[in-house]
Number of protein chains: 2
Amino acid sequence: MVATSPGSGGKPKSAPSPAGAHGERRADARRNIRSILDAARSCLTRDADASVADIAKAAGVGRVTLYGHFGTRADLVDAVLTQTVEEADATLDATDTTGDPRWALTRLVGASWQIVHEFQSVLLAAQRELPAERIRAVHDRILRRVETIIEAGQSAGVFRDDLPNRWLVTTVFSLMHAAAEDSAAGRLDAKDAPEVIGATLLAALTAPGAAVPTATP
Amino acid sequence: MVATSPGSGGKPKSAPSPAGAHGERRADARRNIRSILDAARSCLTRDADASVADIAKAAGVGRVTLYGHFGTRADLVDAVLTQTVEEADATLDATDTTGDPRWALTRLVGASWQIVHEFQSVLLAAQRELPAERIRAVHDRILRRVETIIEAGQSAGVFRDDLPNRWLVTTVFSLMHAAAEDSAAGRLDAKDAPEVIGATLLAALTAPGAAVPTATP
DNA sequence: CTTAACCTGAACAGATATGTTCGAGTTACA
DNA sequence: TGTAACTCGAACATATCTGTTCAGGTTAAG
């Protein structure tokens, strides 16, 4: 037996917990986990259906080793998604979300676009393997960020208040990912995307009766 | 041999063409094709990953019979998608798209919603099996319809002209399907959807500097 | 009625994954 | 340097689905 603790007798799936609790693995193990995660992201970015074997090979690691760290393909995909989203979240941490909520949103879109665009395929893989609620949960922090900006805009009277906020958040995400798809299909130039998305969202969030803001200053 | 003409020697896939050209099949064959198509739509609506065996059983037909009519699972999914979209297109034919393009669009959204909502899972199945370009092609007529309304709105000066039209079309579709997902996840009441989508789109399509229209008269 | 089209279940062929197990070899680390 | 953690490849065990073939039974249609 490698690392799977044979404690409980249930399904041995998705519980390769190696040492005690976490983080106390050997140096080479940690190194391999990194390699696997990197390779997985790289492979899934190119092909959302990349097999575990492909990923292991790309990581320069045996398939068995991979399964020693990730009990299931789904676990691996989950880990990659989580890591990627956390990275995006870190980027957003460095983004100014103060001032006029309209430009705050514009900045947020601009900062997110790169990652949404590049790792679109990872999300696709997740959508095929993970339950929708899980994906939603992973995005929770980012979702909240968007909601906060929307609420700020509503308080400031520059964003509409006549639709459910959850829907407005959905709108933001939906258009970002739609742009990523259009970009992948060659229907939208990636470099134009942030501006296009921003312009669309700014209008979409404007209250009926109010004027759509013209351009980001 | 059942119906597959052994004419050419290439791959016998996706070419179960039975009789001469088309339509000249026996009555029971036509009946079964209908059953299969209906069952497939029903099954795929509940589960986008429904197997061919499930569909055949639901259709009250042997699996072999199914393969006699549809060379491949992909062919079947394609047929179901095509039929569904054509149905939607027929509905849109009965929809008034004259008059103010803003309300024409609202009406179009309202007429489409029911089908988009109900058969969302069929689209999902198609996205897993068919190339994106094919899906796009199937939607061609509907896509064009939307584009026509957008152009009309631009000519009338009520829709924005500062973004690529293709993107505006994408926006319309994206929000419709996002609403379907939100609805399936219980985040949006299906009966509110047409109004919510319409209100969002009307704003999104408004030109910078102009006022967002208030409500459908 | 006669025949060719059609249907049938069962069984075969094959691909393609995912996980797991094994025995033996490395490597980190105290 | 000893030992436990870790890794390796290969093979095994499923599983699951897609397509295909067969041999014989129905049914539509002229």
# chains A, B, ... in the order shown; residues from 1 in each chain; ligands from 1
call {"tool": "residues_around", "arguments": {"residues": "stretch 164-179 of chain A", "least_positions_apart": "6", "cutoff": "10 Å", "atoms": "only C-alpha atoms (C1' of nucleotides)", "output": "PDB file with N, CA and C atoms, in the first residue's frame"}}
result
ATOM      1  N   LEU A 105     -16.244  48.057 -11.866  1.00  0.00           N
ATOM      2  CA  LEU A 105     -16.657  46.857 -12.598  1.00  0.00           C
ATOM      3  C   LEU A 105     -15.827  46.696 -13.867  1.00  0.00           C
ATOM      4  N   VAL A 109     -13.556  43.465 -14.733  1.00  0.00           N
ATOM      5  CA  VAL A 109     -13.686  42.685 -15.969  1.00  0.00           C
ATOM      6  C   VAL A 109     -12.340  42.592 -16.682  1.00  0.00           C
ATOM      7  N   SER A 112     -10.056  40.195 -14.906  1.00  0.00           N
ATOM      8  CA  SER A 112     -10.474  38.787 -14.956  1.00  0.00           C
ATOM      9  C   SER A 112     -10.312  38.181 -16.339  1.00  0.00           C
ATOM     10  N   TRP A 113     -10.455  39.014 -17.328  1.00  0.00           N
ATOM     11  CA  TRP A 113     -10.534  38.493 -18.694  1.00  0.00           C
ATOM     12  C   TRP A 113      -9.398  37.556 -19.059  1.00  0.00           C
ATOM     13  N   VAL A 116     -10.015  34.135 -17.502  1.00  0.00           N
ATOM     14  CA  VAL A 116     -11.237  33.527 -18.057  1.00  0.00           C
ATOM     15  C   VAL A 116     -10.957  33.048 -19.479  1.00  0.00           C
ATOM     16  N   HIS A 117     -10.248  33.873 -20.203  1.00  0.00           N
ATOM     17  CA  HIS A 117      -9.946  33.560 -21.592  1.00  0.00           C
ATOM     18  C   HIS A 117      -9.005  32.364 -21.695  1.00  0.00           C
ATOM     19  N   GLN A 120     -10.472  28.875 -20.069  1.00  0.00           N
ATOM     20  CA  GLN A 120     -11.860  28.562 -20.383  1.00  0.00           C
ATOM     21  C   GLN A 120     -12.082  27.058 -20.455  1.00  0.00           C
ATOM     22  N   LEU A 123     -12.565  25.234 -17.210  1.00  0.00           N
ATOM     23  CA  LEU A 123     -13.943  25.340 -16.720  1.00  0.00           C
ATOM     24  C   LEU A 123     -14.827  24.322 -17.422  1.00  0.00           C
ATOM     25  N   LEU A 143     -17.775  35.579  -7.047  1.00  0.00           N
ATOM     26  CA  LEU A 143     -19.185  35.937  -7.191  1.00  0.00           C
ATOM     27  C   LEU A 143     -19.538  37.059  -6.217  1.00  0.00           C
ATOM     28  N   ARG A 144     -19.126  36.884  -5.015  1.00  0.00           N
ATOM     29  CA  ARG A 144     -19.419  37.885  -3.988  1.00  0.00           C
ATOM     30  C   ARG A 144     -18.822  39.238  -4.338  1.00  0.00           C
ATOM     31  N   ARG A 145     -17.615  39.184  -4.847  1.00  0.00           N
ATOM     32  CA  ARG A 145     -16.954  40.422  -5.252  1.00  0.00           C
ATOM     33  C   ARG A 145     -17.810  41.197  -6.250  1.00  0.00           C
ATOM     34  N   VAL A 146     -18.291  40.479  -7.225  1.00  0.00           N
ATOM     35  CA  VAL A 146     -19.131  41.118  -8.242  1.00  0.00           C
ATOM     36  C   VAL A 146     -20.390  41.680  -7.598  1.00  0.00           C
ATOM     37  N   GLU A 147     -20.967  40.873  -6.738  1.00  0.00           N
ATOM     38  CA  GLU A 147     -22.207  41.310  -6.099  1.00  0.00           C
ATOM     39  C   GLU A 147     -21.990  42.582  -5.283  1.00  0.00           C
ATOM     40  N   THR A 148     -20.866  42.624  -4.613  1.00  0.00           N
ATOM     41  CA  THR A 148     -20.554  43.803  -3.801  1.00  0.00           C
ATOM     42  C   THR A 148     -20.500  45.057  -4.664  1.00  0.00           C
ATOM     43  N   ILE A 149     -19.831  44.930  -5.785  1.00  0.00           N
ATOM     44  CA  ILE A 149     -19.742  46.085  -6.679  1.00  0.00           C
ATOM     45  C   ILE A 149     -21.117  46.493  -7.177  1.00  0.00           C
ATOM     46  N   ILE A 150     -21.916  45.479  -7.510  1.00  0.00           N
ATOM     47  CA  ILE A 150     -23.264  45.792  -7.989  1.00  0.00           C
ATOM     48  C   ILE A 150     -24.066  46.514  -6.916  1.00  0.00           C
ATOM     49  N   GLU A 151     -23.970  46.022  -5.707  1.00  0.00           N
ATOM     50  CA  GLU A 151     -24.700  46.673  -4.616  1.00  0.00           C
ATOM     51  C   GLU A 151     -24.213  48.103  -4.401  1.00  0.00           C
ATOM     52  N   GLN A 154     -25.724  50.196  -6.945  1.00  0.00           N
ATOM     53  CA  GLN A 154     -27.133  50.462  -6.677  1.00  0.00           C
ATOM     54  C   GLN A 154     -27.284  51.549  -5.617  1.00  0.00           C
ATOM     55  N   ALA A 185     -13.663  30.811 -30.909  1.00  0.00           N
ATOM     56  CA  ALA A 185     -14.222  30.453 -32.211  1.00  0.00           C
ATOM     57  C   ALA A 185     -13.793  31.451 -33.293  1.00  0.00           C
ATOM     58  N   ARG A 187     -14.571  34.584 -33.444  1.00  0.00           N
ATOM     59  CA  ARG A 187     -15.584  35.587 -33.763  1.00  0.00           C
ATOM     60  C   ARG A 187     -15.347  36.905 -33.037  1.00  0.00           C
ATOM     61  N   LEU A 188     -14.405  36.889 -32.126  1.00  0.00           N
ATOM     62  CA  LEU A 188     -14.128  38.103 -31.348  1.00  0.00           C
ATOM     63  C   LEU A 188     -12.640  38.145 -31.039  1.00  0.00           C
ATOM     64  N   ASP A 189     -12.029  39.249 -31.324  1.00  0.00           N
ATOM     65  CA  ASP A 189     -10.610  39.395 -31.047  1.00  0.00           C
ATOM     66  C   ASP A 189     -10.406  39.516 -29.530  1.00  0.00           C
ATOM     67  N   ALA A 190      -9.521  38.665 -29.027  1.00  0.00           N
ATOM     68  CA  ALA A 190      -9.314  38.626 -27.573  1.00  0.00           C
ATOM     69  C   ALA A 190      -8.910  39.987 -27.013  1.00  0.00           C
ATOM     70  N   ASP A 192      -9.908  42.851 -27.968  1.00  0.00           N
ATOM     71  CA  ASP A 192     -11.060  43.752 -27.901  1.00  0.00           C
ATOM     72  C   ASP A 192     -12.032  43.366 -26.793  1.00  0.00           C
ATOM     73  N   ALA A 193     -11.906  42.137 -26.341  1.00  0.00           N
ATOM     74  CA  ALA A 193     -12.922  41.578 -25.448  1.00  0.00           C
ATOM     75  C   ALA A 193     -13.212  42.419 -24.203  1.00  0.00           C
ATOM     76  N   PRO A 194     -12.190  42.799 -23.437  1.00  0.00           N
ATOM     77  CA  PRO A 194     -12.505  43.522 -22.200  1.00  0.00           C
ATOM     78  C   PRO A 194     -13.350  44.766 -22.456  1.00  0.00           C
ATOM     79  N   VAL A 196     -15.336  45.351 -25.049  1.00  0.00           N
ATOM     80  CA  VAL A 196     -16.664  44.957 -25.523  1.00  0.00           C
ATOM     81  C   VAL A 196     -17.531  44.472 -24.365  1.00  0.00           C
ATOM     82  N   ILE A 197     -16.961  43.608 -23.550  1.00  0.00           N
ATOM     83  CA  ILE A 197     -17.709  43.095 -22.396  1.00  0.00           C
ATOM     84  C   ILE A 197     -18.088  44.246 -21.469  1.00  0.00           C
ATOM     85  N   GLY A 198     -17.118  45.082 -21.193  1.00  0.00           N
ATOM     86  CA  GLY A 198     -17.371  46.207 -20.289  1.00  0.00           C
ATOM     87  C   GLY A 198     -18.486  47.107 -20.793  1.00  0.00           C
ATOM     88  N   THR A 200     -20.865  46.373 -22.823  1.00  0.00           N
ATOM     89  CA  THR A 200     -22.152  45.677 -22.778  1.00  0.00           C
ATOM     90  C   THR A 200     -22.705  45.641 -21.354  1.00  0.00           C
ATOM     91  N   LEU A 201     -21.838  45.335 -20.423  1.00  0.00           N
ATOM     92  CA  LEU A 201     -22.280  45.228 -19.031  1.00  0.00           C
ATOM     93  C   LEU A 201     -22.726  46.569 -18.472  1.00  0.00           C
ATOM     94  N   LEU A 202     -21.961  47.582 -18.794  1.00  0.00           N
ATOM     95  CA  LEU A 202     -22.320  48.907 -18.304  1.00  0.00           C
ATOM     96  C   LEU A 202     -23.738  49.270 -18.740  1.00  0.00           C
ATOM     97  N   ALA A 204     -26.073  47.035 -19.690  1.00  0.00           N
ATOM     98  CA  ALA A 204     -27.016  46.077 -19.117  1.00  0.00           C
ATOM     99  C   ALA A 204     -27.383  46.435 -17.686  1.00  0.00           C
ATOM    100  N   LEU A 205     -26.450  47.045 -16.983  1.00  0.00           N
ATOM    101  CA  LEU A 205     -26.668  47.361 -15.571  1.00  0.00           C
ATOM    102  C   LEU A 205     -27.295  48.732 -15.349  1.00  0.00           C
TER     103      LEU A 205
ATOM    104  N   TRP B 167     -21.325  40.103 -31.823  1.00  0.00           N
ATOM    105  CA  TRP B 167     -21.259  40.082 -30.376  1.00  0.00           C
ATOM    106  C   TRP B 167     -22.640  40.333 -29.762  1.00  0.00           C
ATOM    107  N   THR B 170     -24.479  37.201 -29.946  1.00  0.00           N
ATOM    108  CA  THR B 170     -23.976  36.320 -28.887  1.00  0.00           C
ATOM    109  C   THR B 170     -24.568  36.705 -27.541  1.00  0.00           C
ATOM    110  N   THR B 171     -24.645  37.977 -27.292  1.00  0.00           N
ATOM    111  CA  THR B 171     -25.202  38.458 -26.028  1.00  0.00           C
ATOM    112  C   THR B 171     -26.630  37.955 -25.830  1.00  0.00           C
ATOM    113  N   VAL B 172     -27.407  38.069 -26.875  1.00  0.00           N
ATOM    114  CA  VAL B 172     -28.800  37.608 -26.781  1.00  0.00           C
ATOM    115  C   VAL B 172     -28.854  36.125 -26.428  1.00  0.00           C
ATOM    116  N   PHE B 173     -28.100  35.322 -27.160  1.00  0.00           N
ATOM    117  CA  PHE B 173     -28.123  33.887 -26.905  1.00  0.00           C
ATOM    118  C   PHE B 173     -27.564  33.549 -25.544  1.00  0.00           C
ATOM    119  N   SER B 174     -26.470  34.174 -25.247  1.00  0.00           N
ATOM    120  CA  SER B 174     -25.806  33.874 -23.986  1.00  0.00           C
ATOM    121  C   SER B 174     -26.735  34.110 -22.802  1.00  0.00           C
ATOM    122  N   LEU B 175     -27.429  35.215 -22.817  1.00  0.00           N
ATOM    123  CA  LEU B 175     -28.299  35.529 -21.687  1.00  0.00           C
ATOM    124  C   LEU B 175     -29.511  34.606 -21.630  1.00  0.00           C
ATOM    125  N   MET B 176     -30.012  34.233 -22.782  1.00  0.00           N
ATOM    126  CA  MET B 176     -31.123  33.285 -22.786  1.00  0.00           C
ATOM    127  C   MET B 176     -30.713  31.976 -22.113  1.00  0.00           C
ATOM    128  N   HIS B 177     -29.559  31.469 -22.511  1.00  0.00           N
ATOM    129  CA  HIS B 177     -29.150  30.179 -21.973  1.00  0.00           C
ATOM    130  C   HIS B 177     -28.671  30.290 -20.527  1.00  0.00           C
ATOM    131  N   ALA B 178     -28.102  31.408 -20.201  1.00  0.00           N
ATOM    132  CA  ALA B 178     -27.717  31.610 -18.801  1.00  0.00           C
ATOM    133  C   ALA B 178     -28.959  31.608 -17.918  1.00  0.00           C
ATOM    134  N   ALA B 179     -30.006  32.201 -18.403  1.00  0.00           N
ATOM    135  CA  ALA B 179     -31.259  32.211 -17.652  1.00  0.00           C
ATOM    136  C   ALA B 179     -31.803  30.794 -17.503  1.00  0.00           C
ATOM    137  N   GLU B 181     -30.049  28.100 -17.339  1.00  0.00           N
ATOM    138  CA  GLU B 181     -29.240  27.443 -16.313  1.00  0.00           C
ATOM    139  C   GLU B 181     -29.639  27.904 -14.912  1.00  0.00           C
ATOM    140  N   ASP B 182     -29.778  29.195 -14.763  1.00  0.00           N
ATOM    141  CA  ASP B 182     -30.189  29.733 -13.463  1.00  0.00           C
ATOM    142  C   ASP B 182     -31.530  29.154 -13.060  1.00  0.00           C
ATOM    143  N   ARG B 187     -32.320  29.324  -9.248  1.00  0.00           N
ATOM    144  CA  ARG B 187     -31.963  30.699  -8.888  1.00  0.00           C
ATOM    145  C   ARG B 187     -32.844  31.727  -9.576  1.00  0.00           C
ATOM    146  N   LEU B 188     -33.636  31.244 -10.501  1.00  0.00           N
ATOM    147  CA  LEU B 188     -34.506  32.164 -11.234  1.00  0.00           C
ATOM    148  C   LEU B 188     -35.815  31.463 -11.564  1.00  0.00           C
ATOM    149  N   ALA B 193     -38.509  34.663 -16.162  1.00  0.00           N
ATOM    150  CA  ALA B 193     -37.356  34.732 -17.051  1.00  0.00           C
ATOM    151  C   ALA B 193     -37.542  35.643 -18.267  1.00  0.00           C
ATOM    152  N   VAL B 196     -37.211  39.215 -17.318  1.00  0.00           N
ATOM    153  CA  VAL B 196     -35.863  39.543 -16.843  1.00  0.00           C
ATOM    154  C   VAL B 196     -34.879  39.603 -18.009  1.00  0.00           C
ATOM    155  N   ILE B 197     -34.936  38.592 -18.852  1.00  0.00           N
ATOM    156  CA  ILE B 197     -34.041  38.572 -20.007  1.00  0.00           C
ATOM    157  C   ILE B 197     -34.310  39.792 -20.895  1.00  0.00           C
ATOM    158  N   THR B 200     -32.983  42.995 -19.469  1.00  0.00           N
ATOM    159  CA  THR B 200     -31.524  43.057 -19.520  1.00  0.00           C
ATOM    160  C   THR B 200     -31.037  43.343 -20.938  1.00  0.00           C
TER     161      THR B 200
END
call {"tool": "interface_residues", "arguments": {"of": "chain D", "to": "chain B", "cutoff": "12 Å", "atoms": "only C-alpha atoms (C1' of nucleotides)", "output": "PyMOL selection string"}}
result
chain D and resi 16-23+26-29
call {"tool": "write_last_selection", "arguments": {"atoms": "C-alpha atoms (C1' of nucleotides)", "output": "PDB file, in the first residue's frame"}}
result
ATOM      1  C1'  DT D  16     -19.458   1.164 -19.946  1.00  0.00           C
ATOM      2  C1'  DC D  17     -20.606   2.472 -24.091  1.00  0.00           C
ATOM      3  C1'  DT D  18     -20.536   2.181 -29.131  1.00  0.00           C
ATOM      4  C1'  DG D  19     -21.191  -0.309 -33.308  1.00  0.00           C
ATOM      5  C1'  DT D  20     -21.744  -4.703 -35.887  1.00  0.00           C
ATOM      6  C1'  DT D  21     -23.189  -9.264 -37.084  1.00  0.00           C
ATOM      7  C1'  DC D  22     -26.253 -13.208 -37.127  1.00  0.00           C
ATOM      8  C1'  DA D  23     -30.196 -16.017 -37.831  1.00  0.00           C
ATOM      9  C1'  DT D  26     -42.862  -9.775 -38.730  1.00  0.00           C
ATOM     10  C1'  DT D  27     -45.007  -6.698 -41.431  1.00  0.00           C
ATOM     11  C1'  DA D  28     -45.926  -3.630 -45.144  1.00  0.00           C
ATOM     12  C1'  DA D  29     -47.036  -3.388 -49.855  1.00  0.00           C
TER      13       DA D  29
END
call {"tool": "atom_distance", "arguments": {"atom1": "atom CA of B:Val212", "atom2": "atom CA of A:Ala211"}}
result
6.1 Å
call {"tool": "atom_distance", "arguments": {"atom1": "atom CA of B:Arg46", "atom2": "atom CA of B:Ala184"}}
result
11.5 Å
call {"tool": "calpha_fit_and_write", "arguments": {"fixed": "chain B", "moving": "chain A", "output": "short mmCIF file (atom, residue, chain, number, x, y, z; two decimals) with C-alpha atoms, in the first residue's frame"}}
result
data_model
loop_
_atom_site.label_atom_id
_atom_site.label_comp_id
_atom_site.auth_asym_id
_atom_site.auth_seq_id
_atom_site.Cartn_x
_atom_site.Cartn_y
_atom_site.Cartn_z
CA MET A 1 -27.69 -6.84 -43.93
CA VAL A 2 -30.51 -4.62 -42.95
CA ALA A 3 -30.58 -1.40 -44.83
CA THR A 4 -27.03 -0.19 -45.11
CA SER A 5 -26.12 -0.13 -48.75
CA PRO A 6 -22.70 -1.75 -49.06
CA GLY A 7 -21.84 0.37 -52.06
CA SER A 8 -18.68 2.20 -51.14
CA GLY A 9 -16.05 0.40 -49.14
CA GLY A 10 -15.01 3.15 -46.73
CA LYS A 11 -16.09 3.45 -43.13
CA PRO A 12 -19.68 2.25 -42.84
CA LYS A 13 -20.29 4.93 -40.20
CA SER A 14 -22.98 7.54 -40.40
CA ALA A 15 -24.42 6.35 -43.68
CA PRO A 16 -27.37 4.10 -42.98
CA SER A 17 -29.22 5.58 -45.95
CA PRO A 18 -31.88 2.92 -46.33
CA ALA A 19 -33.80 3.03 -49.56
CA GLY A 20 -33.09 5.16 -52.57
CA ALA A 21 -32.64 8.73 -51.55
CA HIS A 22 -35.08 9.68 -48.78
CA GLY A 23 -38.68 9.51 -47.69
CA GLU A 24 -39.50 6.30 -49.54
CA ARG A 25 -39.28 4.07 -46.51
CA ARG A 26 -41.93 1.71 -45.38
CA ALA A 27 -44.65 2.96 -43.08
CA ASP A 28 -43.43 1.10 -39.99
CA ALA A 29 -39.93 2.41 -40.52
CA ARG A 30 -41.15 5.98 -40.60
CA ARG A 31 -43.18 5.32 -37.49
CA ASN A 32 -40.15 4.00 -35.68
CA ILE A 33 -38.01 6.92 -36.70
CA ARG A 34 -40.58 9.20 -35.15
CA SER A 35 -40.68 7.14 -31.98
CA ILE A 36 -36.92 7.18 -31.73
CA LEU A 37 -36.71 10.89 -32.28
CA ASP A 38 -39.40 11.54 -29.70
CA ALA A 39 -37.83 9.19 -27.18
CA ALA A 40 -34.41 10.65 -27.78
CA ARG A 41 -35.65 14.12 -27.15
CA SER A 42 -37.43 13.02 -24.04
CA CYS A 43 -34.44 11.14 -22.68
CA LEU A 44 -31.91 13.80 -23.56
CA THR A 45 -34.13 16.38 -21.95
CA ARG A 46 -33.89 14.52 -18.67
CA ASP A 47 -30.27 13.43 -19.04
CA ALA A 48 -27.87 14.77 -21.60
CA ASP A 49 -25.78 11.63 -21.19
CA ALA A 50 -28.58 9.19 -21.89
CA SER A 51 -27.20 6.14 -23.70
CA VAL A 52 -28.38 4.84 -27.02
CA ALA A 53 -29.68 1.78 -25.22
CA ASP A 54 -31.83 3.93 -22.95
CA ILE A 55 -33.26 5.80 -25.88
CA ALA A 56 -34.01 2.65 -27.84
CA LYS A 57 -35.79 1.16 -24.86
CA ALA A 58 -37.80 4.32 -24.32
CA ALA A 59 -38.76 4.25 -27.97
CA GLY A 60 -39.90 0.67 -27.66
CA VAL A 61 -37.43 -0.38 -30.28
CA GLY A 62 -34.39 -2.61 -30.49
CA ARG A 63 -31.00 -1.01 -30.41
CA VAL A 64 -30.21 -2.53 -33.76
CA THR A 65 -33.23 -0.88 -35.29
CA LEU A 66 -32.09 2.45 -33.99
CA TYR A 67 -28.68 1.99 -35.54
CA GLY A 68 -30.44 1.07 -38.73
CA HIS A 69 -31.76 4.60 -38.91
CA PHE A 70 -29.05 6.62 -37.23
CA GLY A 71 -25.54 5.54 -37.97
CA THR A 72 -24.11 7.09 -34.87
CA ARG A 73 -25.11 8.47 -31.54
CA ALA A 74 -23.89 11.80 -32.78
CA ASP A 75 -26.19 11.53 -35.80
CA LEU A 76 -29.11 10.96 -33.50
CA VAL A 77 -28.24 13.89 -31.28
CA ASP A 78 -27.83 16.01 -34.35
CA ALA A 79 -31.25 14.99 -35.59
CA VAL A 80 -32.88 15.78 -32.26
CA LEU A 81 -31.20 19.14 -32.06
CA THR A 82 -32.15 19.99 -35.61
CA GLN A 83 -35.74 19.01 -35.04
CA THR A 84 -35.97 21.01 -31.84
CA VAL A 85 -34.42 24.09 -33.36
CA GLU A 86 -36.68 23.84 -36.38
CA GLU A 87 -39.62 23.67 -34.05
CA ALA A 88 -38.45 26.82 -32.36
CA ASP A 89 -37.98 28.44 -35.71
CA ALA A 90 -41.53 27.57 -36.64
CA THR A 91 -42.74 29.20 -33.45
CA LEU A 92 -40.80 32.30 -34.33
CA ASP A 93 -42.40 32.32 -37.74
CA ALA A 94 -45.65 32.91 -35.97
CA THR A 95 -44.19 35.77 -33.99
CA ASP A 96 -44.64 39.36 -35.01
CA THR A 97 -41.24 40.87 -35.68
CA THR A 98 -42.46 44.10 -37.16
CA GLY A 99 -42.88 47.44 -35.47
CA ASP A 100 -40.44 48.84 -32.93
CA PRO A 101 -37.43 46.49 -32.93
CA ARG A 102 -37.21 46.79 -29.17
CA TRP A 103 -40.59 45.17 -28.66
CA ALA A 104 -39.98 42.83 -31.54
CA LEU A 105 -36.94 41.56 -29.68
CA THR A 106 -38.93 41.30 -26.50
CA ARG A 107 -41.56 39.23 -28.26
CA LEU A 108 -38.91 37.03 -29.83
CA VAL A 109 -37.34 36.35 -26.46
CA GLY A 110 -40.69 35.53 -24.97
CA ALA A 111 -41.52 33.14 -27.78
CA SER A 112 -38.14 31.40 -27.62
CA TRP A 113 -37.89 31.06 -23.89
CA GLN A 114 -40.20 28.11 -23.53
CA ILE A 115 -38.16 25.94 -25.87
CA VAL A 116 -34.77 27.16 -24.70
CA HIS A 117 -35.84 26.42 -21.17
CA GLU A 118 -37.38 23.04 -21.78
CA PHE A 119 -34.74 21.61 -24.07
CA GLN A 120 -31.68 23.13 -22.54
CA SER A 121 -30.36 19.68 -21.80
CA VAL A 122 -30.59 18.69 -25.45
CA LEU A 123 -28.30 21.53 -26.31
CA LEU A 124 -25.94 20.34 -23.62
CA ALA A 125 -25.88 16.89 -25.16
CA ALA A 126 -25.15 18.44 -28.53
CA GLN A 127 -22.32 20.48 -27.09
CA ARG A 128 -20.70 17.30 -25.84
CA GLU A 129 -21.07 15.37 -29.05
CA LEU A 130 -21.13 17.81 -31.94
CA PRO A 131 -18.51 20.30 -33.07
CA ALA A 132 -19.31 23.87 -32.10
CA GLU A 133 -19.52 24.95 -35.71
CA ARG A 134 -22.21 22.39 -36.41
CA ILE A 135 -24.31 23.65 -33.53
CA ARG A 136 -23.86 27.13 -34.80
CA ALA A 137 -24.94 26.05 -38.27
CA VAL A 138 -28.11 24.44 -36.96
CA HIS A 139 -29.01 27.70 -35.28
CA ASP A 140 -28.29 29.68 -38.38
CA ARG A 141 -31.83 30.71 -39.25
CA ILE A 142 -32.59 31.80 -35.72
CA LEU A 143 -29.30 33.61 -35.45
CA ARG A 144 -30.14 35.51 -38.58
CA ARG A 145 -33.53 36.40 -37.24
CA VAL A 146 -31.96 38.01 -34.22
CA GLU A 147 -29.44 39.81 -36.35
CA THR A 148 -32.16 41.19 -38.56
CA ILE A 149 -33.98 42.65 -35.61
CA ILE A 150 -30.78 44.14 -34.30
CA GLU A 151 -30.04 45.74 -37.64
CA ALA A 152 -33.54 47.09 -37.81
CA GLY A 153 -33.07 48.60 -34.38
CA GLN A 154 -29.84 50.17 -35.44
CA SER A 155 -31.45 51.68 -38.50
CA ALA A 156 -34.21 53.02 -36.32
CA GLY A 157 -31.61 54.48 -33.99
CA VAL A 158 -32.80 52.59 -30.94
CA PHE A 159 -30.02 49.98 -30.74
CA ARG A 160 -26.34 50.60 -30.27
CA ASP A 161 -24.00 50.60 -33.21
CA ASP A 162 -20.65 50.70 -31.43
CA LEU A 163 -20.07 46.97 -31.05
CA PRO A 164 -19.78 44.13 -33.56
CA ASN A 165 -23.21 42.80 -34.47
CA ARG A 166 -22.02 39.26 -34.05
CA TRP A 167 -21.27 40.05 -30.47
CA LEU A 168 -24.72 41.48 -29.90
CA VAL A 169 -26.22 38.29 -31.28
CA THR A 170 -23.99 36.29 -28.98
CA THR A 171 -25.19 38.42 -26.10
CA VAL A 172 -28.80 37.58 -26.83
CA PHE A 173 -28.13 33.86 -26.96
CA SER A 174 -25.80 33.83 -24.06
CA LEU A 175 -28.27 35.49 -21.74
CA MET A 176 -31.12 33.26 -22.82
CA HIS A 177 -29.14 30.15 -22.03
CA ALA A 178 -27.68 31.58 -18.87
CA ALA A 179 -31.22 32.19 -17.70
CA ALA A 180 -32.08 28.59 -18.52
CA GLU A 181 -29.21 27.42 -16.38
CA ASP A 182 -30.11 29.70 -13.53
CA SER A 183 -33.64 28.44 -13.78
CA ALA A 184 -32.54 24.81 -13.70
CA ALA A 185 -30.43 25.59 -10.65
CA GLY A 186 -33.37 27.20 -8.90
CA ARG A 187 -31.84 30.65 -8.92
CA LEU A 188 -34.41 32.15 -11.25
CA ASP A 189 -38.10 31.49 -11.52
CA ALA A 190 -38.87 30.28 -15.02
CA LYS A 191 -41.96 32.42 -15.22
CA ASP A 192 -39.97 35.57 -14.51
CA ALA A 193 -37.29 34.72 -17.03
CA PRO A 194 -38.69 36.28 -20.21
CA GLU A 195 -39.18 39.60 -18.49
CA VAL A 196 -35.79 39.52 -16.83
CA ILE A 197 -33.99 38.55 -20.01
CA GLY A 198 -35.89 41.12 -22.01
CA ALA A 199 -35.13 43.91 -19.58
CA THR A 200 -31.46 43.02 -19.53
CA LEU A 201 -31.18 42.81 -23.29
CA LEU A 202 -33.02 46.02 -23.89
CA ALA A 203 -30.50 47.78 -21.70
CA ALA A 204 -27.53 45.95 -23.16
CA LEU A 205 -28.53 46.98 -26.66
CA THR A 206 -29.00 50.63 -25.80
CA ALA A 207 -26.42 53.00 -27.23
CA PRO A 208 -24.09 54.83 -24.85
CA GLY A 209 -25.54 58.23 -24.16
CA ALA A 210 -29.11 57.12 -24.82
CA ALA A 211 -31.65 56.31 -22.16
CA VAL A 212 -32.58 52.71 -21.38
CA PRO A 213 -36.21 52.05 -22.32
CA THR A 214 -38.44 51.62 -19.31
CA ALA A 215 -41.01 48.88 -19.88
CA THR A 216 -42.68 46.95 -22.61
CA PRO A 217 -45.93 48.76 -23.44
#
call {"tool": "select_by_dssp", "arguments": {"residues": "stretch 61-149 of chain B", "states": "helix (DSSP H, G or I)", "output": "ChimeraX atom specification"}}
result
/B:63-69,73-93,101-118,120-129,132-138,140-149
